[in-house]
$ cat work.txt   # compact mmCIF, C-alpha atoms and all ligand atoms
# COMPACT_ATOMS: atom_id res chain seq x y z
CA MET A 1 101.72 306.90 93.98
CA TRP A 2 103.19 303.93 92.06
CA ARG A 3 106.51 305.06 90.63
CA ALA A 4 108.33 303.69 87.56
CA SER A 5 111.93 304.74 86.93
CA VAL A 6 113.25 303.68 83.54
CA LEU A 7 116.97 303.70 82.76
CA THR A 8 117.59 303.91 79.04
CA ILE A 9 119.89 305.31 76.38
CA LEU A 10 116.76 306.31 74.40
CA PRO A 11 114.87 308.56 76.85
CA ASP A 12 112.95 310.36 74.09
CA ILE A 13 110.83 307.33 73.24
CA PHE A 14 109.06 307.57 76.64
CA PRO A 15 106.24 307.80 77.57
CA GLY A 16 105.29 306.75 74.01
CA PRO A 17 102.17 304.57 74.12
CA LEU A 18 102.04 304.95 77.91
CA SER A 19 100.67 308.46 77.37
CA ALA A 20 97.49 307.07 75.74
CA SER A 21 94.31 305.47 77.01
CA LEU A 22 94.13 304.00 80.55
CA ALA A 23 97.83 304.39 81.38
CA GLY A 24 97.95 307.93 79.99
CA LYS A 25 94.90 309.06 81.94
CA ALA A 26 96.29 307.49 85.10
CA LEU A 27 99.63 309.24 84.49
CA ALA A 28 97.85 312.59 84.09
CA ALA A 29 95.85 311.85 87.27
CA ASN A 30 99.07 311.13 89.22
CA THR A 31 98.01 307.54 89.95
CA TRP A 32 101.51 306.65 88.85
CA SER A 33 104.62 308.58 87.85
CA LEU A 34 107.38 307.99 85.33
CA ASP A 35 111.01 309.12 85.73
CA VAL A 36 113.05 308.52 82.62
CA VAL A 37 116.75 308.41 83.36
CA ASP A 38 119.16 308.95 80.49
CA ILE A 39 122.01 306.50 81.11
CA ARG A 40 124.30 308.64 78.94
CA LYS A 41 124.21 311.39 81.58
CA PHE A 42 126.29 309.11 83.78
CA THR A 43 129.20 308.79 81.37
CA THR A 44 132.46 310.54 82.19
CA ASP A 45 134.23 310.71 78.83
CA LYS A 46 133.75 313.36 76.17
CA HIS A 47 132.18 310.87 73.73
CA ARG A 48 129.57 309.88 76.36
CA THR A 49 130.36 306.20 75.84
CA VAL A 50 127.88 303.68 77.25
CA ASP A 51 129.24 300.51 75.59
CA ASP A 52 132.47 298.73 74.80
CA THR A 53 133.69 295.63 72.96
CA PRO A 54 133.01 292.23 74.56
CA ALA A 55 135.76 290.70 76.66
CA GLY A 56 136.81 287.49 74.91
CA GLY A 57 135.80 288.86 71.50
CA GLY A 58 132.68 288.21 69.48
CA PRO A 59 130.07 290.33 67.78
CA GLY A 60 128.42 293.51 69.02
CA MET A 61 128.98 295.71 72.03
CA VAL A 62 128.27 295.41 75.76
CA MET A 63 126.76 298.07 78.05
CA LYS A 64 129.37 299.21 80.53
CA ALA A 65 128.91 298.21 84.18
CA ASP A 66 130.27 301.46 85.68
CA VAL A 67 127.99 303.78 83.69
CA LEU A 68 124.84 301.73 84.29
CA ALA A 69 125.70 301.35 87.98
CA ARG A 70 125.96 305.13 88.42
CA ALA A 71 122.56 305.56 86.75
CA ILE A 72 121.04 302.92 89.04
CA ASP A 73 122.60 304.47 92.14
CA ALA A 74 121.08 307.84 91.24
CA ALA A 75 117.62 306.48 90.38
CA ALA A 76 117.12 303.65 92.85
CA THR A 77 117.51 305.25 96.25
CA ASP A 78 114.51 303.40 97.72
CA ALA A 79 113.40 299.79 98.16
CA ARG A 80 111.58 299.31 94.85
CA PRO A 81 112.40 296.10 92.93
CA ARG A 82 115.22 296.61 90.43
CA LEU A 83 114.61 294.75 87.22
CA LEU A 84 116.68 294.31 84.09
CA LEU A 85 114.64 293.58 80.97
CA SER A 86 116.38 290.60 79.42
CA PRO A 87 115.48 287.63 77.20
CA ARG A 88 117.37 285.47 79.74
CA GLY A 89 115.09 286.49 82.57
CA ALA A 90 112.16 284.77 84.24
CA PRO A 91 109.14 285.09 81.95
CA LEU A 92 106.79 287.88 83.05
CA THR A 93 103.46 286.44 84.20
CA GLN A 94 100.20 287.97 85.38
CA ALA A 95 101.02 286.77 88.92
CA ARG A 96 104.33 288.66 88.82
CA VAL A 97 102.60 291.74 87.37
CA GLU A 98 100.07 291.65 90.22
CA ALA A 99 102.89 291.42 92.76
CA LEU A 100 104.76 294.35 91.15
CA ALA A 101 101.60 296.47 91.09
CA GLN A 102 101.43 296.01 94.90
CA GLN A 103 104.94 297.41 95.33
CA PRO A 104 105.66 301.15 95.59
CA GLY A 105 106.85 300.90 91.96
CA VAL A 106 109.74 299.53 89.91
CA VAL A 107 113.17 300.51 88.66
CA LEU A 108 113.66 299.17 85.13
CA ALA A 109 117.01 298.99 83.36
CA CYS A 110 116.76 298.68 79.58
CA GLY A 111 119.57 296.81 77.85
CA ARG A 112 120.78 297.53 74.31
CA PHE A 113 123.48 296.05 72.05
CA GLU A 114 124.47 292.45 72.95
CA GLY A 115 123.44 293.04 76.54
CA VAL A 116 124.78 294.32 79.85
CA ASP A 117 128.07 293.62 81.66
CA GLU A 118 127.26 290.70 84.00
CA ARG A 119 128.95 292.40 86.96
CA VAL A 120 126.40 295.20 87.22
CA ILE A 121 123.58 292.63 87.31
CA ALA A 122 125.16 291.00 90.37
CA GLY A 123 126.58 294.19 91.86
CA ARG A 124 123.28 296.08 91.87
CA GLY A 125 121.01 293.10 92.52
CA LEU A 126 119.12 293.33 89.22
CA GLU A 127 116.47 290.69 88.66
CA GLU A 128 116.23 289.71 85.00
CA VAL A 129 112.72 289.64 83.53
CA SER A 130 111.74 288.57 80.01
CA ILE A 131 108.54 289.45 78.17
CA GLY A 132 108.77 286.38 75.93
CA ASP A 133 110.97 283.95 74.07
CA TYR A 134 112.09 286.25 71.26
CA VAL A 135 114.80 288.90 71.01
CA LEU A 136 113.97 292.62 70.86
CA SER A 137 116.55 295.20 69.89
CA GLY A 138 116.33 296.86 73.29
CA GLY A 139 114.61 296.72 76.67
CA GLU A 140 112.49 299.86 76.15
CA LEU A 141 109.45 298.18 74.55
CA ALA A 142 109.66 295.43 77.16
CA ALA A 143 109.70 298.08 79.93
CA MET A 144 106.61 299.70 78.42
CA VAL A 145 104.85 296.33 78.33
CA LEU A 146 105.66 295.68 81.98
CA ILE A 147 104.57 299.17 83.07
CA ASP A 148 101.31 299.00 81.10
CA ALA A 149 100.44 295.61 82.61
CA CYS A 150 101.09 296.94 86.15
CA VAL A 151 99.42 300.33 85.78
CA ARG A 152 96.07 298.93 84.62
CA LEU A 153 95.90 297.01 87.94
CA LEU A 154 96.42 300.09 90.13
CA PRO A 155 93.34 301.06 92.15
CA GLY A 156 90.91 303.18 90.13
CA VAL A 157 92.62 302.76 86.75
CA MET A 158 90.20 300.23 85.29
CA GLY A 159 86.56 301.28 85.39
CA ASP A 160 85.04 297.88 86.07
CA GLU A 161 86.95 295.94 88.71
CA ALA A 162 85.04 292.76 87.74
CA SER A 163 86.73 292.71 84.33
CA ARG A 164 90.02 292.37 86.15
CA THR A 165 89.02 289.27 88.12
CA GLU A 166 87.59 287.52 85.05
CA GLU A 167 90.31 288.16 82.52
CA SER A 168 92.89 285.76 81.12
CA PHE A 169 95.44 284.23 83.54
CA THR A 170 93.75 285.52 86.72
CA GLU A 171 92.50 282.03 87.55
CA GLY A 172 95.11 280.26 85.47
CA LEU A 173 92.68 280.01 82.52
CA LEU A 174 92.37 281.94 79.27
CA GLU A 175 89.31 284.15 79.03
CA TYR A 176 86.00 283.01 77.49
CA PRO A 177 84.86 284.48 74.11
CA HIS A 178 83.11 287.85 73.94
CA TYR A 179 80.20 288.99 71.76
CA THR A 180 78.24 292.21 71.31
CA ARG A 181 75.45 293.49 69.04
CA PRO A 182 74.32 292.85 66.31
CA GLN A 183 72.75 289.54 67.35
CA VAL A 184 73.59 288.00 63.95
CA TRP A 185 76.63 289.17 61.96
CA GLU A 186 77.51 287.67 58.55
CA GLY A 187 75.33 284.68 59.40
CA ARG A 188 77.04 284.10 62.76
CA ALA A 189 74.76 284.30 65.78
CA ILE A 190 75.63 285.14 69.38
CA PRO A 191 75.38 281.86 71.38
CA GLU A 192 71.80 281.46 72.61
CA VAL A 193 72.79 281.04 76.25
CA LEU A 194 74.24 284.58 76.40
CA LEU A 195 70.82 286.00 75.47
CA SER A 196 68.94 283.83 77.98
CA GLY A 197 69.25 286.18 80.96
CA ASP A 198 70.02 283.10 83.11
CA HIS A 199 73.14 284.25 84.98
CA ALA A 200 74.01 280.84 86.39
CA LYS A 201 73.84 279.23 82.93
CA ILE A 202 75.89 282.08 81.43
CA ALA A 203 78.56 281.69 84.12
CA ALA A 204 78.69 277.91 83.55
CA TRP A 205 78.98 278.39 79.75
CA ARG A 206 81.77 280.95 80.15
CA ARG A 207 83.63 278.69 82.53
CA ALA A 208 83.35 275.72 80.16
CA GLU A 209 84.57 277.87 77.24
CA ALA A 210 87.51 279.21 79.28
CA GLU A 211 88.49 275.63 80.12
CA ARG A 212 88.07 274.48 76.49
CA LEU A 213 90.20 277.32 75.11
CA THR A 214 92.91 276.79 77.71
CA ARG A 215 92.98 273.03 77.04
CA GLU A 216 93.12 273.53 73.25
CA ARG A 217 95.59 276.43 73.11
CA ARG A 218 97.79 276.25 76.17
CA GLY A 219 98.70 272.76 77.32
CA ASP A 220 101.14 274.31 79.83
CA LEU A 221 98.47 276.40 81.57
CA TRP A 222 95.95 273.56 81.41
CA SER A 223 98.31 271.10 83.13
CA ALA A 224 99.10 273.65 85.85
CA PHE A 225 95.39 274.36 86.31
CA LEU A 226 94.55 270.65 86.64
CA ALA A 227 97.38 270.13 89.12
CA ARG A 228 96.09 273.02 91.28
CA PHE A 229 92.51 271.80 91.00
CA ARG A 230 93.46 268.25 92.02
CA GLY A 231 95.66 269.63 94.81
CA SER A 232 92.83 271.73 96.22
CA ARG A 233 90.44 268.72 96.13
CA ALA A 234 93.01 266.50 97.86
CA GLY A 235 93.63 269.14 100.54
N1 LIG B 1 122.40 289.10 73.11
C1 LIG B 1 121.20 289.00 73.90
C2 LIG B 1 120.76 287.55 73.97
O1 LIG B 1 121.00 286.80 73.03
O2 LIG B 1 120.13 287.17 74.98
C3 LIG B 1 120.09 289.87 73.29
C4 LIG B 1 120.32 291.32 73.48
S1 LIG B 1 119.01 292.31 72.86
C5 LIG B 1 119.52 292.59 71.20
C6 LIG B 1 119.25 293.87 73.62
C7 LIG B 1 118.41 294.12 74.84
O3 LIG B 1 117.04 294.04 74.52
C8 LIG B 1 118.58 293.19 76.00
O4 LIG B 1 119.71 293.50 76.77
C9 LIG B 1 117.29 293.40 76.78
O5 LIG B 1 117.37 294.53 77.61
C10 LIG B 1 116.30 293.67 75.68
N2 LIG B 1 115.47 292.51 75.33
C11 LIG B 1 115.54 291.78 74.20
N3 LIG B 1 114.66 290.79 74.18
C12 LIG B 1 113.96 290.88 75.33
C13 LIG B 1 112.91 290.13 75.90
N4 LIG B 1 112.39 289.07 75.29
N5 LIG B 1 112.42 290.51 77.11
C14 LIG B 1 112.96 291.57 77.75
N6 LIG B 1 113.96 292.33 77.26
C15 LIG B 1 114.47 291.99 76.08
$ encode --input "work.txt" --output "structure tokens"
Amino acid sequence: MWRASVLTILPDIFPGPLSASLAGKALAANTWSLDVVDIRKFTTDKHRTVDDTPAGGGPGMVMKADVLARAIDAAATDARPRLLLSPRGAPLTQARVEALAQQPGVVLACGRFEGVDERVIAGRGLEEVSIGDYVLSGGELAAMVLIDACVRLLPGVMGDEASRTEESFTEGLLEYPHYTRPQVWEGRAIPEVLLSGDHAKIAAWRRAEAERLTRERRGDLWSAFLARFRGSRAG
């Protein structure tokens, strides 16, 4: 069973959206499990303090290394990757999600305030992971995003395995457009080729559309795709 342990000062917000739909059904079916660890339980003072003022001054508060380290030591007793959700981290990609879904699970530390004392990141070997170039108020939503992306890839969670191999990013391209009935809606018709029943033509159209959308919307992905394509032809 794939196991997610989440370290947070807001344990009550879990499982939240992870209890619905695919992830929720898979949780109920024991395809994966969720341990939510309340970081505050690892405080030693009567005020249950998890943060303190920043060394050197400046705004906000910093999560204390000793408290977070005790929480990690209690939760991460196995070899699962230990990640800290952080806007400074390596951007989360579908390739990374696929790799994490192959692991026995993940240990996720959620930051709050201005962030986490740098020493616990080094001392407990936390790998920083970002879900995008914007700042959230805490790591909890980012942890949910990461878990959701991993759980849907676990064996048996998605009904149609083909949808997984065709979706955005799997081949380094964005996905082609989708249509369903009615055939004409507000004067807009489903492209003729999709109604042709010619599977080779449909596949070629979808591929061309995936390439067009990637080229138009994501120059970064398109350049990487072309470099891989040229590399594979040269090799
Ligand atoms: N002062 C930090 C900075 O400028 O990089 C931002 C801290 S943020 C208010 C508090 C916490 O939210 C972070 O420690 C991290 O755990 C989480 N967080 C915020 N943005 C994130 C992102 N894009 N990806 C992952 N986690 C994020």
$ atom_distance --input "work.txt" --atom1 "CA of Gly89 in chain A" --atom2 "CA of Ser130 in chain A"
4.7 Å
$ residues_around --input "work.txt" --residues "Gly138 in chain A" --least-positions-apart "3" --cutoff "9 Å" --atoms "only C-alpha atoms" --output "PyMOL selection string"
chain A and resi 85-86+110-113+115+135+141-142
$ residues_near_ligand --input "work.txt" --ligand "ligand LIG 1 (chain B)" --cutoff "12 Å" --atoms "all atoms listed in the file" --output "NGL selection string"
:A and (6-9 or 51 or 54 or 58-64 or 83-92 or 108-118 or 121 or 126-146)
$ residues_around --input "work.txt" --residues "Thr170 in chain A" --least-positions-apart "2" --cutoff "12 Å" --atoms "all atoms listed in the file" --output "PyMOL selection string"
chain A and resi 93-98+153+162-168+172-175+210+221+225
$ write_last_selection --input "work.txt" --atoms "C-alpha atoms" --output "CSV table (one decimal), keeping the file's coordinate frame"
chain,number,residue,atom,x,y,z
A,93,THR,CA,103.5,286.4,84.2
A,94,GLN,CA,100.2,288.0,85.4
A,95,ALA,CA,101.0,286.8,88.9
A,96,ARG,CA,104.3,288.7,88.8
A,97,VAL,CA,102.6,291.7,87.4
A,98,GLU,CA,100.1,291.6,90.2
A,153,LEU,CA,95.9,297.0,87.9
A,162,ALA,CA,85.0,292.8,87.7
A,163,SER,CA,86.7,292.7,84.3
A,164,ARG,CA,90.0,292.4,86.2
A,165,THR,CA,89.0,289.3,88.1
A,166,GLU,CA,87.6,287.5,85.0
A,167,GLU,CA,90.3,288.2,82.5
A,168,SER,CA,92.9,285.8,81.1
A,172,GLY,CA,95.1,280.3,85.5
A,173,LEU,CA,92.7,280.0,82.5
A,174,LEU,CA,92.4,281.9,79.3
A,175,GLU,CA,89.3,284.2,79.0
A,210,ALA,CA,87.5,279.2,79.3
A,221,LEU,CA,98.5,276.4,81.6
A,225,PHE,CA,95.4,274.4,86.3
$ closest_residue --input "work.txt" --among "A:Ala69, A:Val106, A:Ala26, A:Leu18" --to "Phe42 in chain A" --atoms "only C-alpha atoms"
A:Ala69
$ residues_around --input "work.txt" --residues "range 37-41 of chain A" --least-positions-apart "3" --cutoff "8 Å" --atoms "all atoms listed in the file" --output "MDAnalysis selection string"
chainID A and resid 5:11 48:50 67:68 71 75
$ axis_aligned_box --input "work.txt" --around "range 92-106 of chain A" --padding-each-side "6 Å" --output "lines of an AutoDock Vina configuration file"
center_x = 104.9
center_y = 293.8
center_z = 89.3
size_x = 21.7
size_y = 26.7
size_z = 24.5
$ residues_around --input "work.txt" --residues "Ser33 in chain A" --least-positions-apart "6" --cutoff "12 Å" --atoms "only C-alpha atoms" --output "PyMOL selection string"
chain A and resi 1-6+15+18-19+23-27+104-107+147+151
$ write_last_selection --input "work.txt" --atoms "C-alpha atoms" --output "short mmCIF file (atom, residue, chain, number, x, y, z; two decimals), keeping the file's coordinate frame"
data_model
loop_
_atom_site.label_atom_id
_atom_site.label_comp_id
_atom_site.auth_asym_id
_atom_site.auth_seq_id
_atom_site.Cartn_x
_atom_site.Cartn_y
_atom_site.Cartn_z
CA MET A 1 101.72 306.90 93.98
CA TRP A 2 103.19 303.93 92.06
CA ARG A 3 106.51 305.06 90.63
CA ALA A 4 108.33 303.69 87.56
CA SER A 5 111.93 304.74 86.93
CA VAL A 6 113.25 303.68 83.54
CA PRO A 15 106.24 307.80 77.57
CA LEU A 18 102.04 304.95 77.91
CA SER A 19 100.67 308.46 77.37
CA ALA A 23 97.83 304.39 81.38
CA GLY A 24 97.95 307.93 79.99
CA LYS A 25 94.90 309.06 81.94
CA ALA A 26 96.29 307.49 85.10
CA LEU A 27 99.63 309.24 84.49
CA PRO A 104 105.66 301.15 95.59
CA GLY A 105 106.85 300.90 91.96
CA VAL A 106 109.74 299.53 89.91
CA VAL A 107 113.17 300.51 88.66
CA ILE A 147 104.57 299.17 83.07
CA VAL A 151 99.42 300.33 85.78
#
$ closest_residue --input "work.txt" --among "A:Arg233, A:Cys150, A:Pro177, A:Asp73" --to "Arg212 in chain A" --atoms "only C-alpha atoms"
A:Pro177
$ atom_distance --input "work.txt" --atom1 "CA of Tyr176 in chain A" --atom2 "CA of Ala203 in chain A"
10.1 Å
$ atom_distance --input "work.txt" --atom1 "CA of Arg230 in chain A" --atom2 "CA of Ala208 in chain A"
17.3 Å
$ closest_residue --input "work.txt" --among "A:Pro17, A:Thr31, A:Asp12, A:Gly123" --to "Gly156 in chain A" --atoms "all atoms listed in the file"
A:Thr31
$ residues_around --input "work.txt" --residues "Pro191 in chain A" --least-positions-apart "5" --cutoff "10 Å" --atoms "only C-alpha atoms" --output "PDB file with C-alpha atoms, in the coordinates of the input"
ATOM      1  CA  TYR A 179      80.200 288.990  71.760  1.00  0.00           C
ATOM      2  CA  GLN A 183      72.750 289.540  67.350  1.00  0.00           C
ATOM      3  CA  VAL A 184      73.590 288.000  63.950  1.00  0.00           C
ATOM      4  CA  SER A 196      68.940 283.830  77.980  1.00  0.00           C
ATOM      5  CA  TRP A 205      78.980 278.390  79.750  1.00  0.00           C
TER       6      TRP A 205
END
$ closest_residue --input "work.txt" --among "A:Asn30, A:Thr53, A:Ser232, A:Thr77" --to "Leu154 in chain A" --atoms "all atoms listed in the file"
A:Asn30
$ build_atoms --input "work.txt" --residues "range 131-151 of chain A" --atoms "N, CA, C and O atoms" --output "compact mmCIF listing (two decimals), in the coordinates of the input"
# COMPACT_ATOMS: atom_id res chain seq x y z
N ILE A 131 109.96 289.39 78.56
CA ILE A 131 108.54 289.45 78.17
C ILE A 131 108.20 288.38 77.15
O ILE A 131 107.08 288.35 76.65
N GLY A 132 109.11 287.47 76.84
CA GLY A 132 108.77 286.38 75.93
C GLY A 132 110.00 285.81 75.26
O GLY A 132 111.07 286.43 75.27
N ASP A 133 109.85 284.65 74.67
CA ASP A 133 110.97 283.95 74.07
C ASP A 133 111.24 284.42 72.65
O ASP A 133 111.01 283.70 71.67
N TYR A 134 111.67 285.65 72.53
CA TYR A 134 112.09 286.25 71.26
C TYR A 134 113.03 287.38 71.64
O TYR A 134 113.06 287.79 72.81
N VAL A 135 113.80 287.88 70.69
CA VAL A 135 114.80 288.90 71.01
C VAL A 135 114.40 290.25 70.42
O VAL A 135 114.23 290.38 69.20
N LEU A 136 114.24 291.24 71.28
CA LEU A 136 113.97 292.62 70.86
C LEU A 136 115.31 293.32 70.68
O LEU A 136 116.34 292.84 71.16
N SER A 137 115.27 294.49 70.05
CA SER A 137 116.55 295.20 69.89
C SER A 137 116.92 296.01 71.13
O SER A 137 118.05 296.49 71.24
N GLY A 138 116.00 296.15 72.06
CA GLY A 138 116.33 296.86 73.29
C GLY A 138 115.25 296.62 74.34
O GLY A 138 114.17 296.12 74.02
N GLY A 139 115.54 296.99 75.57
CA GLY A 139 114.61 296.72 76.67
C GLY A 139 113.46 297.72 76.78
O GLY A 139 112.55 297.53 77.59
N GLU A 140 113.48 298.79 75.96
CA GLU A 140 112.49 299.86 76.15
C GLU A 140 111.05 299.39 75.91
O GLU A 140 110.16 299.69 76.71
N LEU A 141 110.82 298.66 74.81
CA LEU A 141 109.45 298.18 74.55
C LEU A 141 109.03 297.20 75.64
O LEU A 141 107.87 297.20 76.07
N ALA A 142 109.97 296.39 76.09
CA ALA A 142 109.66 295.43 77.16
C ALA A 142 109.29 296.18 78.45
O ALA A 142 108.36 295.80 79.17
N ALA A 143 110.01 297.28 78.73
CA ALA A 143 109.70 298.08 79.93
C ALA A 143 108.30 298.67 79.81
O ALA A 143 107.53 298.69 80.79
N MET A 144 107.96 299.13 78.61
CA MET A 144 106.61 299.70 78.42
C MET A 144 105.54 298.63 78.63
O MET A 144 104.49 298.90 79.22
N VAL A 145 105.81 297.44 78.14
CA VAL A 145 104.85 296.33 78.33
C VAL A 145 104.65 296.07 79.82
O VAL A 145 103.52 295.97 80.32
N LEU A 146 105.75 295.97 80.54
CA LEU A 146 105.66 295.68 81.98
C LEU A 146 104.90 296.80 82.71
O LEU A 146 104.02 296.53 83.54
N ILE A 147 105.24 298.04 82.39
CA ILE A 147 104.57 299.17 83.07
C ILE A 147 103.08 299.17 82.75
O ILE A 147 102.24 299.32 83.65
N ASP A 148 102.73 298.99 81.48
CA ASP A 148 101.31 299.00 81.10
C ASP A 148 100.55 297.92 81.86
O ASP A 148 99.45 298.17 82.37
N ALA A 149 101.13 296.72 81.93
CA ALA A 149 100.44 295.61 82.61
C ALA A 149 100.24 295.92 84.09
O ALA A 149 99.20 295.58 84.67
N CYS A 150 101.21 296.59 84.72
CA CYS A 150 101.09 296.94 86.15
C CYS A 150 100.09 298.07 86.36
O CYS A 150 99.23 298.01 87.26
N VAL A 151 100.22 299.12 85.54
CA VAL A 151 99.42 300.33 85.78
C VAL A 151 97.92 300.05 85.69
O VAL A 151 97.14 300.57 86.47
